[in-house]
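Asker: The structure that follows is given in the form of structure tokens.
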Amino acid sequence: MATIIDGRAFAADLRARVGEAVAGLAARGVRPGLAVALVGDDPASGVYVRNKGKQTRAAGMNSFEHKLPADTGQDELLALVARLNADPQVHGILVQLPLPAHIDEAKVINAIRVDKDVDGFHFENVGRLSVGAEALPPCTPAGCLLLLRHQLGDLTGRHAVVIGRSNIVGKPVAQLLLRAHCTVTIAHSRTRDLPVVCRAADILVAAVGVPQLVKGDWVRPGATVIDVGINRVAAADLDAAGDAAGASGDAGASGDAGASGDAKPAGGATRLVGDVDFAAAQQVAGAITPVPGGVGPMTIACLLRNTLLAACRIHGIEAPAGL
């Protein structure tokens, strides 16, 4: 049976370490501040933003929440971003996605000051990450890498297969793994013989958004599996393996549900499952993240980490060791 990688415990430890570093900065007259803008009333986004605010304050940071109606114009949102860019109390800016259809997401993201882009989505941060320069990495990919290093130590020379090529997870995970000296294969929906490609992996990262896509016999014996997928499905549609995966933790405790941004199926009980058939993969892998309770809790913890790092860089302070 694979070792279960406890994302909740690791995230709690990371938040505690961030909190200690924040206290040290505050003693020097710098208190990191995170500003979050939410446009509209999407329930999942609302829960996620509330969780961000709660954990930001618990870490000793200033939290600034801006909730705007769904009909907010693009110019109004850009004006808010400009004010936050100029606010010395704000070191990190996050505009919650998705935005309403009438707003150009790329234009808003790229209006954020690069050194305050704690989501790591600004084109310049994306470019800096790709060429190996100092950059604020996207939070979920950063969380994946931290979990892998905690589990495996040095990643040099390992073959990593990333299923998924999104700008939010797949591509930046691949870039971070390359920087860690892995050999990286990016697979996707058009990859031929996907099971064969996956079986070659020492590290398998599933970030494609298809419930239980990765079967147990796709996993190389002893491989480390990082399941980024968060899919809410009707409980009646789950097979026995899906039931086992859902039983690995409760959604309310992990914070994963708020990160998923998905809608509940109409009627009946639902479960959160990943992109990996957990019960089957657990029999083969060396280590595996559950859903919920694996990668999900790491996202906000890494957002706090990015905000701390941004505050240090803005004020010319050396970042604390161990983060």
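Chain labels follow the order of the structure tokens: the first chain is A, the next B, and so on; residue numbering restarts at 1 in every chain, and ligands are counted from 1 in their shown order.
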Could you give me, as a PyMOL selection string, each residue of segment 12-235 of chain A that DSSP assigns to strand (DSSP E) when run on this structure's backbone?

Answerer: chain A and resi 33-39+62-68+92-95+159-163+183-187+203-206+224-227+231-234

Asker: I need the helix (DSSP H, G or I) residues of segment 24-134 of chain A per DSSP on the backbone, written as a ChimeraX atom specification.

Answerer: /A:24-27,43-58,74-86,105-109,114-116,123-130

Asker: Between atom CA of Ile186 of chain A and atom CA of Ile163 of chain A, what is the distance in Å, rounded to a tenth?

Answerer: 6.1 Å

Asker: For segment 198-205 of chain A, work out the shell of residues within 8 Å, counting only C-alpha atoms and skipping chain neighbours fewer than 6 positions away, then give it as JSON, numbers by chain.

Answerer: {"A": [158, 159, 160, 161, 162, 163, 217, 218, 219, 220, 222, 223, 224, 225, 226, 227, 228]}

Asker: Grab the residues selected above and save them as a compact mmCIF listing (two decimals), in the first residue's frame with all heavy atoms.

Answerer:
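selection-v3.txt, written as the output of this step:
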# COMPACT_ATOMS: atom_id res chain seq x y z
N ARG A 158 14.89 12.26 -11.93
CA ARG A 158 13.66 11.46 -11.96
C ARG A 158 12.83 11.81 -13.20
O ARG A 158 12.82 12.95 -13.66
CB ARG A 158 12.84 11.69 -10.69
CG ARG A 158 13.56 11.25 -9.42
CD ARG A 158 12.71 11.52 -8.18
NE ARG A 158 13.44 11.27 -6.96
CZ ARG A 158 13.45 10.12 -6.29
NH1 ARG A 158 12.76 9.10 -6.75
NH2 ARG A 158 14.14 10.00 -5.16
N HIS A 159 12.12 10.83 -13.72
CA HIS A 159 11.25 11.04 -14.87
C HIS A 159 9.86 11.41 -14.38
O HIS A 159 9.20 10.61 -13.71
CB HIS A 159 11.18 9.79 -15.74
CG HIS A 159 10.35 9.97 -16.98
ND1 HIS A 159 9.86 8.91 -17.72
CD2 HIS A 159 9.90 11.09 -17.61
CE1 HIS A 159 9.16 9.38 -18.74
NE2 HIS A 159 9.18 10.70 -18.69
N ALA A 160 9.44 12.60 -14.69
CA ALA A 160 8.12 13.09 -14.29
C ALA A 160 7.21 13.17 -15.50
O ALA A 160 7.59 13.72 -16.54
CB ALA A 160 8.23 14.46 -13.62
N VAL A 161 6.01 12.63 -15.38
CA VAL A 161 4.98 12.76 -16.41
C VAL A 161 3.86 13.63 -15.85
O VAL A 161 3.31 13.33 -14.78
CB VAL A 161 4.43 11.40 -16.84
CG1 VAL A 161 3.23 11.57 -17.78
CG2 VAL A 161 5.51 10.57 -17.52
N VAL A 162 3.56 14.72 -16.55
CA VAL A 162 2.49 15.63 -16.16
C VAL A 162 1.35 15.44 -17.15
O VAL A 162 1.52 15.67 -18.35
CB VAL A 162 2.96 17.09 -16.16
CG1 VAL A 162 1.82 18.03 -15.77
CG2 VAL A 162 4.16 17.28 -15.23
N ILE A 163 0.18 15.03 -16.67
CA ILE A 163 -0.98 14.89 -17.53
C ILE A 163 -1.79 16.18 -17.41
O ILE A 163 -2.37 16.47 -16.37
CB ILE A 163 -1.87 13.70 -17.13
CG1 ILE A 163 -1.03 12.44 -16.93
CG2 ILE A 163 -2.94 13.46 -18.19
CD1 ILE A 163 -1.84 11.27 -16.40
N ASP A 217 -3.40 0.40 -13.16
CA ASP A 217 -2.38 -0.22 -14.01
C ASP A 217 -1.67 0.78 -14.92
O ASP A 217 -0.83 0.41 -15.73
CB ASP A 217 -2.98 -1.37 -14.82
CG ASP A 217 -4.07 -0.94 -15.78
OD1 ASP A 217 -4.38 0.27 -15.84
OD2 ASP A 217 -4.62 -1.81 -16.48
N TRP A 218 -2.00 2.09 -14.77
CA TRP A 218 -1.23 3.13 -15.45
C TRP A 218 -0.03 3.54 -14.61
O TRP A 218 0.84 4.27 -15.11
CB TRP A 218 -2.09 4.37 -15.70
CG TRP A 218 -3.22 4.22 -16.65
CD1 TRP A 218 -3.85 3.08 -17.03
CD2 TRP A 218 -3.87 5.28 -17.35
NE1 TRP A 218 -4.87 3.35 -17.91
CE2 TRP A 218 -4.90 4.70 -18.13
CE3 TRP A 218 -3.70 6.65 -17.39
CZ2 TRP A 218 -5.74 5.45 -18.94
CZ3 TRP A 218 -4.54 7.42 -18.18
CH2 TRP A 218 -5.55 6.82 -18.96
N VAL A 219 0.01 3.15 -13.36
CA VAL A 219 1.01 3.64 -12.42
C VAL A 219 2.17 2.66 -12.33
O VAL A 219 1.97 1.45 -12.13
CB VAL A 219 0.39 3.85 -11.02
CG1 VAL A 219 1.45 4.30 -10.02
CG2 VAL A 219 -0.76 4.86 -11.10
N ARG A 220 3.37 3.17 -12.47
CA ARG A 220 4.57 2.35 -12.31
C ARG A 220 4.71 1.94 -10.84
O ARG A 220 4.55 2.78 -9.95
CB ARG A 220 5.78 3.16 -12.74
CG ARG A 220 7.12 2.45 -12.61
CD ARG A 220 8.21 3.36 -13.13
NE ARG A 220 9.53 2.74 -13.01
CZ ARG A 220 10.65 3.28 -13.48
NH1 ARG A 220 10.59 4.45 -14.10
NH2 ARG A 220 11.79 2.68 -13.33
N GLY A 222 5.80 1.70 -7.29
CA GLY A 222 6.70 2.53 -6.50
C GLY A 222 6.70 4.00 -6.88
O GLY A 222 7.37 4.80 -6.21
N ALA A 223 5.96 4.39 -7.91
CA ALA A 223 5.95 5.79 -8.35
C ALA A 223 5.24 6.67 -7.33
O ALA A 223 4.42 6.21 -6.53
CB ALA A 223 5.26 5.91 -9.71
N THR A 224 5.56 7.96 -7.37
CA THR A 224 4.88 8.95 -6.53
C THR A 224 3.82 9.65 -7.38
O THR A 224 4.12 10.17 -8.46
CB THR A 224 5.88 9.98 -5.99
OG1 THR A 224 6.86 9.30 -5.19
CG2 THR A 224 5.18 11.02 -5.12
N VAL A 225 2.58 9.63 -6.89
CA VAL A 225 1.44 10.15 -7.65
C VAL A 225 0.90 11.40 -6.97
O VAL A 225 0.53 11.36 -5.79
CB VAL A 225 0.33 9.09 -7.77
CG1 VAL A 225 -0.86 9.65 -8.55
CG2 VAL A 225 0.87 7.83 -8.45
N ILE A 226 0.86 12.50 -7.71
CA ILE A 226 0.30 13.76 -7.22
C ILE A 226 -0.99 14.02 -8.00
O ILE A 226 -0.96 14.24 -9.21
CB ILE A 226 1.28 14.93 -7.43
CG1 ILE A 226 2.61 14.66 -6.73
CG2 ILE A 226 0.65 16.23 -6.93
CD1 ILE A 226 2.54 14.60 -5.23
N ASP A 227 -2.11 13.95 -7.30
CA ASP A 227 -3.42 14.10 -7.94
C ASP A 227 -3.94 15.51 -7.69
O ASP A 227 -4.36 15.85 -6.58
CB ASP A 227 -4.39 13.06 -7.35
CG ASP A 227 -5.69 12.98 -8.12
OD1 ASP A 227 -5.94 13.84 -8.99
OD2 ASP A 227 -6.48 12.05 -7.84
N VAL A 228 -3.92 16.34 -8.73
CA VAL A 228 -4.36 17.73 -8.62
C VAL A 228 -5.86 17.86 -8.88
O VAL A 228 -6.47 18.86 -8.53
CB VAL A 228 -3.56 18.62 -9.60
CG1 VAL A 228 -3.89 20.10 -9.40
CG2 VAL A 228 -2.06 18.41 -9.41

Asker: If we count only C-alpha atoms and set the cut-off at 9 Å, which residues sit around Phe64 of chain A, ignoring sequence neighbours fewer than 2 positions away in its own chain? Please answer as a ChimeraX atom specification.

Answerer: /A:33-37,53,62,66,90

Asker: I need the residue nearest Ala21 of chain A from this list: A:Met61, A:Leu99, A:Leu272, A:Ile300. Use only C-alpha atoms for the distance.

Answerer: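 Ranked by minimum distance to Ala21 of chain A, first place goes to A:Met61.
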
Asker: Measuring between only C-alpha atoms, which one of A:Leu80, A:Ala142, A:Ala235, A:Leu94 shows the shortest distance to Val295 of chain A?

Answerer: A:Ala142

Asker: Can you pull out the residues contacting Leu323 of chain A? Cut-off 10 Å, using only C-alpha atoms, and skip same-chain residues under 6 positions away; I want them as a count of residues only.

Answerer: 10

Asker: In terms of the shortest atom-to-atom distance over only C-alpha atoms, which of A:Val210, A:Ala26, A:Ala111, A:Leu148 is closest to Ala86 of chain A?

Answerer: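 Nearest candidate to Ala86 of chain A out of A:Val210, A:Ala26, A:Ala111, A:Leu148: A:Ala111.
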
Asker: Using only C-alpha atoms, tabulate the residues of segment 140-233 of chain A lying at most 8 Å from any atom of segment 117-129 of chain A, each with its closest atom pair and that distance in Å to one decimal, by chain and increasing residue number, as a Markdown table.

Answerer:
| residue | atom | partner | partner_atom | distance |
| --- | --- | --- | --- | --- |
| A:Ile168 | CA | A:Phe121 | CA | 7.5 |
| A:Pro172 | CA | A:Leu129 | CA | 7.7 |
| A:Gln175 | CA | A:Leu129 | CA | 7.0 |
| A:Leu176 | CA | A:Leu129 | CA | 7.8 |

Asker: For Ala269 of chain A, which residue among A:Ala27, A:Leu194, A:Ala236, A:Ala82 is the nearest when counting only C-alpha atoms?

Answerer: A:Ala236

Asker: Taking a cut-off of 12 Å and counting only C-alpha atoms, can you build a table that, for each residue of segment 118-177 of chain A near segment 311-316 of chain A, reports the nearest atom pair and how far apart they are in Å (one decimal), sorted by chain then residue number, as JSON lines?

Answerer:
{"residue": "A:Val118", "atom": "CA", "partner": "A:Ala311", "partner_atom": "CA", "distance": 10.3}
{"residue": "A:Glu134", "atom": "CA", "partner": "A:Arg313", "partner_atom": "CA", "distance": 10.7}
{"residue": "A:Ala135", "atom": "CA", "partner": "A:Arg313", "partner_atom": "CA", "distance": 10.7}
{"residue": "A:Leu136", "atom": "CA", "partner": "A:Arg313", "partner_atom": "CA", "distance": 10.6}

Asker: Mind pulling up the distance from atom CA of Thr289 of chain A to atom CA of Gly209 of chain A?

Answerer: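 It comes out at 15.5 Å.
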